[in-house]
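Listing of upload-v8.pdb, PDB, C-alpha atoms and all ligand atoms
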ATOM      1  CA  MET A  29       0.000   0.000   0.000
ATOM      2  CA  SER A  30       1.363   3.428  -0.948
ATOM      3  CA  ALA A  31       1.520   6.138   1.670
ATOM      4  CA  VAL A  32       0.521   8.829  -0.820
ATOM      5  CA  VAL A  33      -1.916   8.378  -3.707
ATOM      6  CA  VAL A  34      -2.020  11.200  -6.253
ATOM      7  CA  VAL A  35      -4.891  11.466  -8.735
ATOM      8  CA  GLY A  36      -4.267  14.112 -11.374
ATOM      9  CA  SER A  37      -2.803  15.332 -14.637
ATOM     10  CA  ALA A  38       0.380  14.448 -16.504
ATOM     11  CA  ASN A  39       1.673  16.746 -19.258
ATOM     12  CA  LEU A  40       4.654  17.331 -21.442
ATOM     13  CA  ASP A  41       5.818  20.922 -20.844
ATOM     14  CA  PHE A  42       7.359  23.271 -23.433
ATOM     15  CA  THR A  43       9.020  26.076 -21.493
ATOM     16  CA  ILE A  44      10.668  29.165 -22.970
ATOM     17  CA  GLN A  45      12.426  32.112 -21.451
ATOM     18  CA  VAL A  46      11.100  35.572 -22.431
ATOM     19  CA  ASP A  47      12.101  39.130 -21.458
ATOM     20  CA  ARG A  48       8.425  39.950 -21.014
ATOM     21  CA  PRO A  49       5.106  38.370 -22.041
ATOM     22  CA  PRO A  50       3.756  39.382 -25.488
ATOM     23  CA  GLN A  51       0.898  41.881 -25.737
ATOM     24  CA  GLN A  52      -2.285  41.337 -27.748
ATOM     25  CA  GLY A  53      -1.401  40.960 -31.458
ATOM     26  CA  GLU A  54       2.343  41.126 -30.800
ATOM     27  CA  THR A  55       5.064  38.639 -31.814
ATOM     28  CA  ILE A  56       8.126  38.430 -29.562
ATOM     29  CA  PHE A  57      11.261  36.273 -29.489
ATOM     30  CA  GLY A  58      11.859  33.708 -26.774
ATOM     31  CA  ARG A  59      14.890  31.497 -26.062
ATOM     32  CA  ASP A  60      16.165  28.376 -24.264
ATOM     33  CA  LEU A  61      13.359  25.936 -25.120
ATOM     34  CA  LEU A  62      13.090  23.236 -22.453
ATOM     35  CA  VAL A  63      10.893  20.165 -23.121
ATOM     36  CA  SER A  64      10.185  18.382 -19.869
ATOM     37  CA  PHE A  65       7.753  16.327 -17.811
ATOM     38  CA  GLY A  66       5.005  18.269 -16.044
ATOM     39  CA  GLY A  67       1.331  18.333 -15.121
ATOM     40  CA  LYS A  68       0.293  19.316 -11.605
ATOM     41  CA  GLY A  69      -0.681  15.748 -10.678
ATOM     42  CA  ALA A  70       2.478  14.058 -11.922
ATOM     43  CA  ASN A  71       4.620  16.893 -10.520
ATOM     44  CA  GLN A  72       3.093  16.440  -7.070
ATOM     45  CA  ALA A  73       3.571  12.670  -7.274
ATOM     46  CA  VAL A  74       7.254  13.164  -8.147
ATOM     47  CA  ALA A  75       7.653  15.792  -5.405
ATOM     48  CA  ALA A  76       6.198  13.394  -2.810
ATOM     49  CA  ARG A  77       8.439  10.565  -4.036
ATOM     50  CA  ARG A  78      11.589  12.736  -3.915
ATOM     51  CA  ALA A  79      10.585  13.873  -0.428
ATOM     52  CA  GLY A  80      10.670  10.225   0.637
ATOM     53  CA  ALA A  81       7.124   8.838   0.240
ATOM     54  CA  ASN A  82       5.942   5.655  -1.361
ATOM     55  CA  VAL A  83       3.681   6.970  -4.143
ATOM     56  CA  THR A  84       0.960   5.722  -6.501
ATOM     57  CA  PHE A  85      -0.111   7.971  -9.381
ATOM     58  CA  ILE A  86      -3.493   7.654 -11.115
ATOM     59  CA  GLY A  87      -4.008   9.655 -14.305
ATOM     60  CA  LYS A  88      -4.590   9.410 -18.033
ATOM     61  CA  VAL A  89      -2.370   9.854 -21.101
ATOM     62  CA  GLY A  90      -2.828   9.196 -24.818
ATOM     63  CA  GLN A  91      -1.556   6.128 -26.645
ATOM     64  CA  ASP A  92       1.172   8.280 -28.154
ATOM     65  CA  ARG A  93       4.898   8.906 -27.805
ATOM     66  CA  HIS A  94       4.484  11.534 -25.063
ATOM     67  CA  GLY A  95       2.278   9.188 -23.027
ATOM     68  CA  GLU A  96       4.845   6.394 -23.274
ATOM     69  CA  GLU A  97       7.651   8.766 -22.216
ATOM     70  CA  ILE A  98       5.612   9.892 -19.199
ATOM     71  CA  ARG A  99       5.013   6.270 -18.154
ATOM     72  CA  LYS A 100       8.739   5.431 -18.405
ATOM     73  CA  ASN A 101       9.705   8.585 -16.513
ATOM     74  CA  LEU A 102       7.376   7.777 -13.601
ATOM     75  CA  GLU A 103       8.750   4.229 -13.437
ATOM     76  CA  THR A 104      12.338   5.517 -13.457
ATOM     77  CA  ILE A 105      11.541   7.801 -10.529
ATOM     78  CA  GLY A 106      10.074   4.855  -8.606
ATOM     79  CA  ILE A 107       6.394   5.740  -8.771
ATOM     80  CA  ASP A 108       3.826   2.972  -9.077
ATOM     81  CA  GLY A 109       2.377   3.667 -12.532
ATOM     82  CA  ALA A 110      -0.233   0.868 -12.531
ATOM     83  CA  GLY A 111      -2.838   3.624 -12.326
ATOM     84  CA  LEU A 112      -1.658   5.413 -15.479
ATOM     85  CA  ILE A 113      -4.395   4.777 -18.048
ATOM     86  CA  SER A 114      -3.656   4.974 -21.797
ATOM     87  CA  ASP A 115      -6.513   6.107 -24.036
ATOM     88  CA  ALA A 116      -6.315   5.904 -27.834
ATOM     89  CA  THR A 117      -9.130   8.424 -28.295
ATOM     90  CA  CYS A 118      -7.331  11.487 -26.881
ATOM     91  CA  GLY A 119      -3.866  13.026 -26.840
ATOM     92  CA  THR A 120      -1.463  13.323 -23.921
ATOM     93  CA  GLY A 121      -1.753  16.702 -22.176
ATOM     94  CA  VAL A 122       0.730  19.449 -23.037
ATOM     95  CA  ALA A 123       1.549  22.798 -21.448
ATOM     96  CA  PHE A 124       3.164  25.909 -22.929
ATOM     97  CA  ILE A 125       5.033  27.955 -20.348
ATOM     98  CA  LEU A 126       6.579  31.432 -20.622
ATOM     99  CA  VAL A 127       9.066  32.346 -17.875
ATOM    100  CA  ASP A 128      10.124  35.989 -17.368
ATOM    101  CA  PRO A 129      13.391  37.292 -15.841
ATOM    102  CA  SER A 130      11.836  37.507 -12.356
ATOM    103  CA  GLY A 131      11.013  33.775 -12.506
ATOM    104  CA  GLY A 132       7.278  34.443 -12.875
ATOM    105  CA  ASN A 133       5.371  32.375 -15.404
ATOM    106  CA  GLN A 134       2.323  32.191 -17.629
ATOM    107  CA  ILE A 135       0.972  28.740 -18.474
ATOM    108  CA  VAL A 136      -1.475  27.509 -21.104
ATOM    109  CA  VAL A 137      -2.543  23.857 -20.739
ATOM    110  CA  VAL A 138      -4.078  21.690 -23.471
ATOM    111  CA  SER A 139      -5.643  19.051 -21.227
ATOM    112  CA  GLY A 140      -6.212  16.250 -23.755
ATOM    113  CA  CYS A 141      -6.667  12.931 -21.934
ATOM    114  CA  ASN A 142      -6.335  14.519 -18.476
ATOM    115  CA  TYR A 143      -9.835  15.895 -18.835
ATOM    116  CA  ARG A 144     -11.210  12.466 -19.844
ATOM    117  CA  LEU A 145     -10.408  10.716 -16.549
ATOM    118  CA  THR A 146     -13.770   9.427 -15.321
ATOM    119  CA  PRO A 147     -15.124   8.285 -11.927
ATOM    120  CA  GLU A 148     -15.817   4.859 -13.542
ATOM    121  CA  GLU A 149     -12.131   4.496 -14.402
ATOM    122  CA  LEU A 150     -11.171   5.347 -10.829
ATOM    123  CA  GLU A 151     -13.734   2.856  -9.547
ATOM    124  CA  SER A 152     -12.171   0.125 -11.691
ATOM    125  CA  ARG A 153      -8.832   0.921 -10.013
ATOM    126  CA  ASP A 154     -10.311   1.175  -6.547
ATOM    127  CA  GLN A 155      -7.632  -1.084  -5.062
ATOM    128  CA  LEU A 156      -5.064   1.597  -5.980
ATOM    129  CA  LEU A 157      -6.949   4.238  -4.043
ATOM    130  CA  ALA A 158      -5.532   2.985  -0.779
ATOM    131  CA  GLY A 159      -3.024   4.750   1.387
ATOM    132  CA  ARG A 160      -2.725   7.314   4.140
ATOM    133  CA  ILE A 161      -3.113  10.418   2.009
ATOM    134  CA  LEU A 162      -5.012  11.234  -1.186
ATOM    135  CA  LEU A 163      -3.709  14.315  -3.017
ATOM    136  CA  LEU A 164      -5.694  15.957  -5.842
ATOM    137  CA  GLN A 165      -5.668  19.115  -7.991
ATOM    138  CA  LEU A 166      -8.132  20.571 -10.534
ATOM    139  CA  GLU A 167      -6.554  19.607 -13.875
ATOM    140  CA  THR A 168      -8.910  16.603 -14.143
ATOM    141  CA  PRO A 169     -12.750  16.763 -14.291
ATOM    142  CA  HIS A 170     -14.277  18.120 -11.082
ATOM    143  CA  ASP A 171     -16.776  15.205 -10.903
ATOM    144  CA  THR A 172     -13.839  12.803 -10.900
ATOM    145  CA  VAL A 173     -12.117  14.823  -8.160
ATOM    146  CA  ARG A 174     -15.286  14.715  -6.091
ATOM    147  CA  TRP A 175     -15.699  10.946  -6.585
ATOM    148  CA  ALA A 176     -12.114  10.340  -5.463
ATOM    149  CA  LEU A 177     -12.513  12.595  -2.395
ATOM    150  CA  GLN A 178     -15.707  10.778  -1.395
ATOM    151  CA  ARG A 179     -14.156   7.333  -1.843
ATOM    152  CA  ALA A 180     -11.011   8.290   0.070
ATOM    153  CA  LYS A 181     -13.085   9.597   2.989
ATOM    154  CA  GLU A 182     -15.056   6.307   3.061
ATOM    155  CA  LYS A 183     -11.733   4.478   3.261
ATOM    156  CA  GLY A 184     -10.483   6.666   6.102
ATOM    157  CA  MET A 185      -7.768   8.420   4.075
ATOM    158  CA  ARG A 186      -6.707  12.000   4.770
ATOM    159  CA  THR A 187      -7.572  14.184   1.768
ATOM    160  CA  ILE A 188      -5.592  17.143   0.409
ATOM    161  CA  LEU A 189      -7.001  19.261  -2.409
ATOM    162  CA  ASN A 190      -4.721  21.743  -4.147
ATOM    163  CA  PRO A 191      -7.384  23.779  -5.998
ATOM    164  CA  ALA A 192      -5.179  24.648  -8.982
ATOM    165  CA  PRO A 193      -5.782  25.995 -11.532
ATOM    166  CA  ALA A 194      -8.192  28.458  -9.926
ATOM    167  CA  ALA A 195     -11.848  27.557 -10.452
ATOM    168  CA  PRO A 196     -15.097  27.937  -8.534
ATOM    169  CA  LEU A 197     -16.096  24.653  -6.881
ATOM    170  CA  PRO A 198     -19.491  23.300  -5.804
ATOM    171  CA  ARG A 199     -20.040  23.422  -2.045
ATOM    172  CA  GLU A 200     -20.125  19.583  -1.718
ATOM    173  CA  HIS A 201     -16.404  19.367  -2.448
ATOM    174  CA  PHE A 202     -15.331  21.322   0.623
ATOM    175  CA  SER A 203     -16.681  19.021   3.338
ATOM    176  CA  LEU A 204     -14.708  16.154   1.751
ATOM    177  CA  VAL A 205     -11.405  18.034   2.037
ATOM    178  CA  ASP A 206      -9.286  17.678   5.173
ATOM    179  CA  LEU A 207      -6.640  20.104   3.946
ATOM    180  CA  LEU A 208      -7.133  22.727   1.221
ATOM    181  CA  THR A 209      -3.949  24.298  -0.188
ATOM    182  CA  PRO A 210      -4.734  27.238  -2.510
ATOM    183  CA  ASN A 211      -2.401  30.085  -3.391
ATOM    184  CA  GLU A 212      -3.822  33.580  -2.900
ATOM    185  CA  THR A 213      -5.340  33.794  -6.402
ATOM    186  CA  GLU A 214      -7.016  30.411  -6.029
ATOM    187  CA  ALA A 215      -8.306  31.247  -2.534
ATOM    188  CA  SER A 216      -9.743  34.481  -3.929
ATOM    189  CA  ALA A 217     -11.459  32.593  -6.807
ATOM    190  CA  LEU A 218     -13.043  30.195  -4.294
ATOM    191  CA  THR A 219     -14.198  32.798  -1.776
ATOM    192  CA  GLY A 220     -14.694  36.048  -3.693
ATOM    193  CA  VAL A 221     -12.435  37.781  -1.106
ATOM    194  CA  PRO A 222      -9.928  40.017  -2.966
ATOM    195  CA  VAL A 223      -6.164  39.324  -2.703
ATOM    196  CA  LYS A 224      -4.613  41.912  -0.334
ATOM    197  CA  ASP A 225      -2.316  41.305   2.614
ATOM    198  CA  LEU A 226      -1.852  38.737   5.381
ATOM    199  CA  ASP A 227      -5.080  39.848   7.089
ATOM    200  CA  GLY A 228      -6.900  39.387   3.783
ATOM    201  CA  ALA A 229      -5.412  35.896   3.443
ATOM    202  CA  GLU A 230      -6.633  35.066   6.946
ATOM    203  CA  LYS A 231     -10.156  36.184   5.958
ATOM    204  CA  MET A 232     -10.043  33.933   2.898
ATOM    205  CA  GLY A 233      -8.914  31.041   5.108
ATOM    206  CA  GLU A 234     -11.758  31.629   7.554
ATOM    207  CA  ARG A 235     -14.265  31.758   4.692
ATOM    208  CA  LEU A 236     -12.923  28.432   3.359
ATOM    209  CA  LEU A 237     -13.256  26.848   6.819
ATOM    210  CA  GLU A 238     -16.876  28.037   6.942
ATOM    211  CA  MET A 239     -17.406  26.371   3.554
ATOM    212  CA  GLY A 240     -16.496  23.045   5.196
ATOM    213  CA  CYS A 241     -12.731  22.316   4.845
ATOM    214  CA  GLY A 242     -10.849  20.809   7.784
ATOM    215  CA  ASP A 243      -7.769  23.075   7.584
ATOM    216  CA  VAL A 244      -6.548  25.603   5.022
ATOM    217  CA  ILE A 245      -2.972  26.432   4.039
ATOM    218  CA  ILE A 246      -2.687  29.464   1.753
ATOM    219  CA  THR A 247       0.667  29.604  -0.030
ATOM    220  CA  LEU A 248       1.946  33.175  -0.353
ATOM    221  CA  GLY A 249       5.015  32.855  -2.595
ATOM    222  CA  ALA A 250       7.874  34.981  -1.245
ATOM    223  CA  ARG A 251       5.829  35.625   1.942
ATOM    224  CA  GLY A 252       5.675  31.943   2.942
ATOM    225  CA  ALA A 253       2.431  30.233   3.939
ATOM    226  CA  LEU A 254      -0.533  30.859   6.225
ATOM    227  CA  TRP A 255      -2.214  27.990   8.054
ATOM    228  CA  VAL A 256      -5.799  28.702   9.095
ATOM    229  CA  GLY A 257      -7.453  26.066  11.294
ATOM    230  CA  LYS A 258     -10.151  25.884  13.934
ATOM    231  CA  ASP A 259      -7.720  27.223  16.575
ATOM    232  CA  GLY A 260      -6.783  30.317  14.545
ATOM    233  CA  ALA A 261      -4.115  31.325  12.029
ATOM    234  CA  ARG A 262      -0.344  30.813  12.005
ATOM    235  CA  HIS A 263       2.137  32.325   9.551
ATOM    236  CA  PHE A 264       5.215  30.417   8.329
ATOM    237  CA  PRO A 265       7.908  32.613   6.701
ATOM    238  CA  ALA A 266       9.483  31.810   3.350
ATOM    239  CA  PHE A 267      13.078  30.614   2.891
ATOM    240  CA  SER A 268      15.391  33.031   1.159
ATOM    241  CA  VAL A 269      16.584  31.611  -2.189
ATOM    242  CA  ARG A 270      17.527  32.940  -5.626
ATOM    243  CA  THR A 271      14.418  32.392  -7.760
ATOM    244  CA  ILE A 272      14.886  31.733 -11.468
ATOM    245  CA  ASP A 273      11.678  29.844 -12.388
ATOM    246  CA  SER A 274       8.647  29.481 -10.124
ATOM    247  CA  THR A 275       7.065  26.713 -12.251
ATOM    248  CA  ALA A 276       5.964  23.775 -10.057
ATOM    249  CA  ALA A 277       6.853  25.506  -6.769
ATOM    250  CA  GLY A 278       3.261  24.897  -5.610
ATOM    251  CA  ASP A 279       3.552  21.281  -6.737
ATOM    252  CA  ALA A 280       6.775  20.852  -4.760
ATOM    253  CA  PHE A 281       4.986  22.290  -1.702
ATOM    254  CA  ASN A 282       1.992  19.958  -2.035
ATOM    255  CA  GLY A 283       3.974  16.797  -2.758
ATOM    256  CA  ALA A 284       6.362  17.418   0.144
ATOM    257  CA  LEU A 285       3.442  18.285   2.439
ATOM    258  CA  ALA A 286       1.715  14.981   1.592
ATOM    259  CA  ALA A 287       4.956  13.046   2.134
ATOM    260  CA  ALA A 288       5.560  14.687   5.511
ATOM    261  CA  LEU A 289       1.996  14.056   6.709
ATOM    262  CA  ALA A 290       2.135  10.453   5.470
ATOM    263  CA  GLU A 291       5.138   9.797   7.675
ATOM    264  CA  GLY A 292       3.270  11.170  10.692
ATOM    265  CA  LYS A 293       4.620  14.736  10.943
ATOM    266  CA  ALA A 294       2.218  17.241  12.518
ATOM    267  CA  LEU A 295       1.197  20.261  10.408
ATOM    268  CA  GLU A 296       3.545  22.539  12.446
ATOM    269  CA  LYS A 297       6.481  20.525  11.102
ATOM    270  CA  ALA A 298       5.051  19.527   7.730
ATOM    271  CA  ILE A 299       4.425  23.134   6.611
ATOM    272  CA  PRO A 300       8.058  24.374   6.966
ATOM    273  CA  PHE A 301       9.221  21.150   5.252
ATOM    274  CA  ALA A 302       6.850  21.827   2.342
ATOM    275  CA  THR A 303       7.797  25.525   2.252
ATOM    276  CA  ALA A 304      11.472  24.568   1.926
ATOM    277  CA  ALA A 305      10.626  22.192  -0.952
ATOM    278  CA  GLY A 306       8.637  24.945  -2.703
ATOM    279  CA  ALA A 307      11.493  27.432  -2.322
ATOM    280  CA  LEU A 308      14.063  24.992  -3.719
ATOM    281  CA  ALA A 309      11.878  24.305  -6.769
ATOM    282  CA  THR A 310      12.159  27.975  -7.763
ATOM    283  CA  THR A 311      15.959  27.789  -7.957
ATOM    284  CA  ARG A 312      15.974  25.507 -11.031
ATOM    285  CA  ARG A 313      14.305  25.684 -14.435
ATOM    286  CA  GLY A 314      11.393  23.476 -15.454
ATOM    287  CA  ALA A 315       8.789  21.446 -13.602
ATOM    288  CA  GLN A 316       9.844  17.949 -12.536
ATOM    289  CA  GLU A 317      13.574  18.574 -12.936
ATOM    290  CA  SER A 318      13.269  21.392 -10.397
ATOM    291  CA  LEU A 319      11.687  19.252  -7.643
ATOM    292  CA  PRO A 320      14.115  18.771  -4.741
ATOM    293  CA  ASP A 321      15.033  15.522  -3.008
ATOM    294  CA  ARG A 322      14.857  14.828   0.710
ATOM    295  CA  THR A 323      18.513  15.659   1.359
ATOM    296  CA  ALA A 324      18.194  19.128  -0.194
ATOM    297  CA  ILE A 325      14.947  19.866   1.674
ATOM    298  CA  ASP A 326      16.433  18.801   5.029
ATOM    299  CA  ALA A 327      19.581  20.870   4.342
ATOM    300  CA  LEU A 328      17.588  24.055   3.632
ATOM    301  CA  LEU A 329      15.374  23.427   6.666
ATOM    302  CA  SER A 330      18.317  23.021   8.999
ATOM    303  CA  SER A 331      20.132  26.043   7.524
ATOM    304  CA  GLY A 332      17.151  28.108   8.784
ATOM    305  CA  GLN A 333      17.641  30.625   5.905
TER     306      GLN A 333
HETATM  307  O1  LIG B 401       2.178  23.586 -11.835
HETATM  308  C1  LIG B 401       2.979  23.561 -12.973
HETATM  309  C2  LIG B 401       2.349  22.687 -14.023
HETATM  310  O2  LIG B 401       1.145  23.275 -14.474
HETATM  311  C3  LIG B 401       3.178  22.504 -15.268
HETATM  312  O3  LIG B 401       4.046  21.412 -15.174
HETATM  313  C4  LIG B 401       2.149  22.375 -16.376
HETATM  314  O4  LIG B 401       2.136  21.134 -17.006
HETATM  315  C5  LIG B 401       0.809  22.699 -15.716
HETATM  316  O5  LIG B 401       0.073  21.567 -15.450
END

Show me this structure written as structure tokens.
Ligand code: RIB
Amino acid sequence: MSAVVVVGSANLDFTIQVDRPPQQGETIFGRDLLVSFGGKGANQAVAARRAGANVTFIGKVGQDRHGEEIRKNLETIGIDGAGLISDATCGTGVAFILVDPSGGNQIVVVSGCNYRLTPEELESRDQLLAGRILLLQLETPHDTVRWALQRAKEKGMRTILNPAPAAPLPREHFSLVDLLTPNETEASALTGVPVKDLDGAEKMGERLLEMGCGDVIITLGARGALWVGKDGARHFPAFSVRTIDSTAAGDAFNGALAAALAEGKALEKAIPFATAAGALATTRRGAQESLPDRTAIDALLSSGQ
């Protein structure tokens, strides 16, 4: 039985460096094309594995070259890929990513097979939905996410939903989520509370608790993370690193968080561990190649930077 089960997307990413994003109707030059493995689901599975967890990934790719490469990559990293479904009727997901000199990014995803993952397919792989933690995002159909949350709760698993990319969600989802991990933009999309400062983030967290989540962790980029639970709010500062590409920083955070909770760490300890993983992911280009291993996370944590 895996400690962490991730249900989500797997993409091939095409990342380019730009001086600034293009404006409407404008053509600009980019450079340094990087073709790499991505997708929020697969990224979080890899992040959890590198952070030390035993991981199963459930997702869907096409019966094409990219899908085969994704399967081999997951196996090489040591992730149980028995849950990776191949579908001949759709293409493997791809993402186009522009990264600017500050490390900020803009991402366009062509979901392909990711958005064809059905509750029936999860049901037929029910034996794989077994572990301590279920981790999900929103790059697969929301009905499928809801089915998986419901099933995991019935099985006594702890559920984490990273509501990315930002989207409004039906109320029923929230009571099935033990731990919701939005960034500020996503928290604002879910609550209607505008993005402002730490106090504003706390308000969003409180609103999300009222909507039914167990605990909320709002990731704040260079300002760290805010945990809002039934006993109040607690801020965790960011680590100081040299950011070159923020792609998959949220995925590093979520995967490491799931790994830490699966090994029995309390949230007080799991959040700094995840924050360190997120910070390290910004120091390297790309998605999965930027995800840190356990040694690097522990080293940054103990440096206290
Ligand atoms: O979170 C980063 C990921 O978002 C990229 O790897 C891309 O594939 C998109 O899913």

Excluding range 100-109 of chain A and its own-chain neighbours fewer than 6 positions away, which residues fall within 8 Å of it when counting only C-alpha atoms? Please give them as a list in words.
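Here the answer would be Ala73, Val74, Arg77, Asn82, Val83, Thr84, Phe85 and Ile86 of chain A.
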
Residues in the PyMOL selection byres (((not hetatm)) within 7 of (chain B and resi 401)), expressed as number ranges by chain:
A: 37-41, 65-68, 71, 122-123, 135, 137, 275-276, 278-279, 315

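Note that CA of Gly132 in chain A and CA of Thr310 in chain A are 9.6 Å apart.
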
Name the residues captured by the PyMOL selection byres (((chain A and resi 192-205) around 9) and not hetatm) when it is applied to the shown file; answer as a count of residues only.
37

Please provide as an MDAnalysis selection string all residues within 6 Å of Ala284 in chain A, with the sequence filter that same-chain residues fewer than 6 positions apart are discarded (counting all atoms listed in the file).
chainID A and resid 75:76 79 302

Counting all atoms listed in the file, what are the residues of range 250-288 of chain A within 7 Å of range 297-301 of chain A, and for each of them which pair of atoms is the nearest and at what distance in Å, to one decimal? Sort the table by chain and rising number, as CSV.
residue,atom,partner,partner_atom,distance
A:Phe264,CA,A:Pro300,CA,6.8
A:Ala284,CA,A:Phe301,CA,6.9
A:Leu285,CA,A:Ala298,CA,5.7
A:Ala288,CA,A:Ala298,CA,5.3

Name the residues captured by the PyMOL selection byres (((chain A and resi 230-234) around 8) and not hetatm) when it is applied to the shown file; answer as an NGL selection string.
:A and (215-216 or 219 or 221 or 226-229 or 235-238 or 244-246 or 254-257 or 261)

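Taking CA of Gly36 in chain A as the reference point, CA of Thr172 in chain A is found at 9.7 Å.
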
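Proximity ranking of A:Ala287, A:Gly252, A:Leu319, A:Gln333 relative to Thr303 in chain A places A:Gly252 first, based on all atoms listed in the file.
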
Find the distance between CA of Ile44 in chain A and CA of Ser318 in chain A and write it in Å to one decimal.
15.0 Å

Which residues are near Ile325 in chain A? Cut-off 6 Å, only C-alpha atoms, ignore same chain within fewer than 2 positions. Put them as a list in words.
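Those residues are Ala304, Ala305, Arg322, Thr323, Ala327 and Leu328 of chain A.
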
What's around Gly58 in chain A at 9 Å? Count only C-alpha atoms, leave out sequence neighbours fewer than 5 positions away in its own chain, and write the answer as a list in words.
Ile44, Gln45, Val46, Asp47 and Leu126 of chain A

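Taking all atoms listed in the file into account, Arg48 in chain A lies nearest to A:Gly131 out of the set A:Pro320, A:Gly260, A:Gly131, A:Gly332.
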
Around (-10.3, 14.5, -18.2), as given in the file, which residues come within 9 Å? Count all atoms listed in the file and list them as a compact mmCIF listing (two decimals) with C-alpha atoms, keeping the file's coordinate frame.
# COMPACT_ATOMS: atom_id res chain seq x y z
CA SER A 37 -2.80 15.33 -14.64
CA GLY A 87 -4.01 9.65 -14.30
CA LYS A 88 -4.59 9.41 -18.03
CA SER A 139 -5.64 19.05 -21.23
CA GLY A 140 -6.21 16.25 -23.76
CA CYS A 141 -6.67 12.93 -21.93
CA ASN A 142 -6.34 14.52 -18.48
CA TYR A 143 -9.84 15.90 -18.84
CA ARG A 144 -11.21 12.47 -19.84
CA LEU A 145 -10.41 10.72 -16.55
CA THR A 146 -13.77 9.43 -15.32
CA GLU A 167 -6.55 19.61 -13.88
CA THR A 168 -8.91 16.60 -14.14
CA PRO A 169 -12.75 16.76 -14.29
CA HIS A 170 -14.28 18.12 -11.08
CA THR A 172 -13.84 12.80 -10.90

Taking 2 positions as the minimum chain separation for residues in the same chain, which residues sit within 12 Å of Leu156 in chain A when counting only C-alpha atoms? Answer as a VMD selection string.
chain A and resid 29 to 35 83 to 87 108 to 112 149 to 154 158 to 160 162 176 179 to 180 183

Have a look at A:Gln72, A:Thr43, A:Leu164, A:Ala81 and name the one nearest to Glu291 in chain A; count all atoms listed in the file.
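Distance minimum relative to Glu291 in chain A lands on A:Ala81.
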